[in-house]
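Here the structure is laid out as C-alpha cells; the discussion comes afterwards.
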Amino acid sequence: MVASCTAACGCFIGQCEPGWVQFRDHCYKFVPRSKLSVTFHEAEAYCQGFSTLNGTGHLASVQDQDENDFILDIATMAGMRGNFWIGFTDTQNEGTFVWTDGSPTPYKNWRSGSPDDGGSGRSEDQAEMSSTREWNDTNGDSKTLRRGFMCKMPVFDKKKFVTRACSGK
Ligand SMILES: [Ca+2]
Ligand SMILES: [Ca+2]
C-alpha cells in the first residue's frame, strides 16, 4: 500500500518489511489485541525489538492530522478492537507528554477534557487512541490494563526517498 500523495509530499515505495505499512519515511505495524494484548511498557518493548539502519522501532508518535488519520485507518483495517497504545507518555514529568521515539510534540489530538491524569488521587501517564481518532491518557502502569498497539520505525534507506508527485503510480 502506498499512501496517496501530491506534489507536496514524498513518495516511498517498497521500503518496509512485509507486515509493515509505509507512510512518508516511516513504517507502521498495528498489533491488534486479538493477537497480543499487553501493557504500555510491554508494547514499547515489543516495538523496540524492530530496527533498521535508520533507527529503532517505538510505539507510534504522531506529528500531524494526516498521520493521525493514517494510523487509525490501518488500525481499523488490521482488526482494531477498542483503544490502542500510542507512544505518548508523561511518566518523566507529570503534565509534559513526550514521544517514546523522541519526536517533537507540536501536534496533539486529545479528546475533550484530556489529559486529566485520571482525576484526584489517581495517575494516568500513557496515551491511547480511540476509534474517534482522539487520544486519552490512561493508566499504562497498571498490569491489568492491556491493549493492542501501533509500532513505528524509520524506513530502511532514506536515500531512496524522492520528492515528487506520485500520481499515476
Ligand atoms: Ca499524567
Ligand atoms: Ca484520562
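In the C-alpha cells, chains take the letters A, B, ... in the order shown, each chain's residues start at 1, and ligands count up from 1 in the order shown.
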Residues of chain A at most 12 Å from ligand 1: nearest atom pair and distance in Å, only C-alpha atoms and all ligand atoms, as a Markdown table:
```
| residue | atom | partner | partner_atom_place_in_ligand_line | distance |
| --- | --- | --- | --- | --- |
| A:Phe88 | CA | ligand 1 | 1 (Ca) | 10.4 |
| A:Thr89 | CA | ligand 1 | 1 (Ca) | 7.5 |
| A:Asp90 | CA | ligand 1 | 1 (Ca) | 5.3 |
| A:Thr91 | CA | ligand 1 | 1 (Ca) | 6.6 |
| A:Gln92 | CA | ligand 1 | 1 (Ca) | 9.2 |
| A:Asn93 | CA | ligand 1 | 1 (Ca) | 8.0 |
| A:Glu94 | CA | ligand 1 | 1 (Ca) | 4.9 |
| A:Gly95 | CA | ligand 1 | 1 (Ca) | 5.5 |
| A:Thr96 | CA | ligand 1 | 1 (Ca) | 7.9 |
| A:Phe97 | CA | ligand 1 | 1 (Ca) | 8.0 |
| A:Val98 | CA | ligand 1 | 1 (Ca) | 11.1 |
| A:Ser114 | CA | ligand 1 | 1 (Ca) | 10.0 |
| A:Pro115 | CA | ligand 1 | 1 (Ca) | 7.2 |
| A:Asp116 | CA | ligand 1 | 1 (Ca) | 7.2 |
| A:Asp117 | CA | ligand 1 | 1 (Ca) | 4.3 |
| A:Gly118 | CA | ligand 1 | 1 (Ca) | 7.7 |
| A:Gly119 | CA | ligand 1 | 1 (Ca) | 9.7 |
| A:Ser120 | CA | ligand 1 | 1 (Ca) | 11.4 |
| A:Gly121 | CA | ligand 1 | 1 (Ca) | 11.4 |
| A:Arg122 | CA | ligand 1 | 1 (Ca) | 8.8 |
| A:Ser123 | CA | ligand 1 | 1 (Ca) | 5.6 |
| A:Glu124 | CA | ligand 1 | 1 (Ca) | 4.4 |
| A:Asp125 | CA | ligand 1 | 1 (Ca) | 3.8 |
| A:Gln126 | CA | ligand 1 | 1 (Ca) | 7.1 |
| A:Ala127 | CA | ligand 1 | 1 (Ca) | 9.3 |
| A:Asn136 | CA | ligand 1 | 1 (Ca) | 10.5 |
| A:Asp137 | CA | ligand 1 | 1 (Ca) | 7.0 |
| A:Thr138 | CA | ligand 1 | 1 (Ca) | 8.0 |
| A:Asn139 | CA | ligand 1 | 1 (Ca) | 8.4 |
| A:Gly140 | CA | ligand 1 | 1 (Ca) | 10.1 |
| A:Asp141 | CA | ligand 1 | 1 (Ca) | 10.9 |
```
Report as a JSON list (two decimals) with C-alpha atoms, in the first residue's frame: the residues of segment 51-88 of chain A with a DSSP assignment of alpha helix (DSSP H), based on the backbone of this structure.
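What ended up in part.json:
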```json
[["chain", "number", "residue", "atom", "x", "y", "z"],
["A", 65, "GLN", "CA", -3.58, 15.20, 11.38],
["A", 66, "ASP", "CA", -2.67, 13.22, 8.25],
["A", 67, "GLU", "CA", -0.50, 10.82, 10.26],
["A", 68, "ASN", "CA", -3.18, 10.54, 12.94],
["A", 69, "ASP", "CA", -5.78, 9.64, 10.30],
["A", 70, "PHE", "CA", -3.40, 7.17, 8.63],
["A", 71, "ILE", "CA", -2.73, 5.40, 11.94],
["A", 72, "LEU", "CA", -6.40, 4.93, 12.74],
["A", 73, "ASP", "CA", -7.11, 3.81, 9.17],
["A", 74, "ILE", "CA", -4.55, 1.00, 9.20],
["A", 75, "ALA", "CA", -5.54, 0.02, 12.76],
["A", 76, "THR", "CA", -9.13, -0.30, 11.60],
["A", 77, "MET", "CA", -8.09, -2.38, 8.58]]
```
- Two-atom distance - atom CA of Phe50 of chain A, atom CA of Val155 of chain A (Å):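 Distance between the two atoms: 11.5 Å.
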- Task: Looking only at strand (DSSP E) from DSSP on the backbone, list the matching residues of segment 13-74 of chain A as a ChimeraX atom specification.
- Result: /A:21-23,26-31,51-52,55-56,58-59
- Message: Excluding Gly57 of chain A and its own-chain neighbours fewer than 4 positions away, which residues fall within 8 Å of it when counting only C-alpha atoms? Please give them as a PyMOL selection string.
- Response: chain A and resi 47-51+101+151-154
- Query: Rounded to one decimal in Å, what is the spacing between atom CA of Asn109 of chain A and atom CA of Thr144 of chain A?
  - Reply: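 Computing the Euclidean distance for atom CA of Asn109 of chain A and atom CA of Thr144 of chain A yields 25.4 Å.
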- How far is it from atom CA of Ser103 of chain A to atom CA of Ser61 of chain A, in Å with one decimal? 6.9 Å
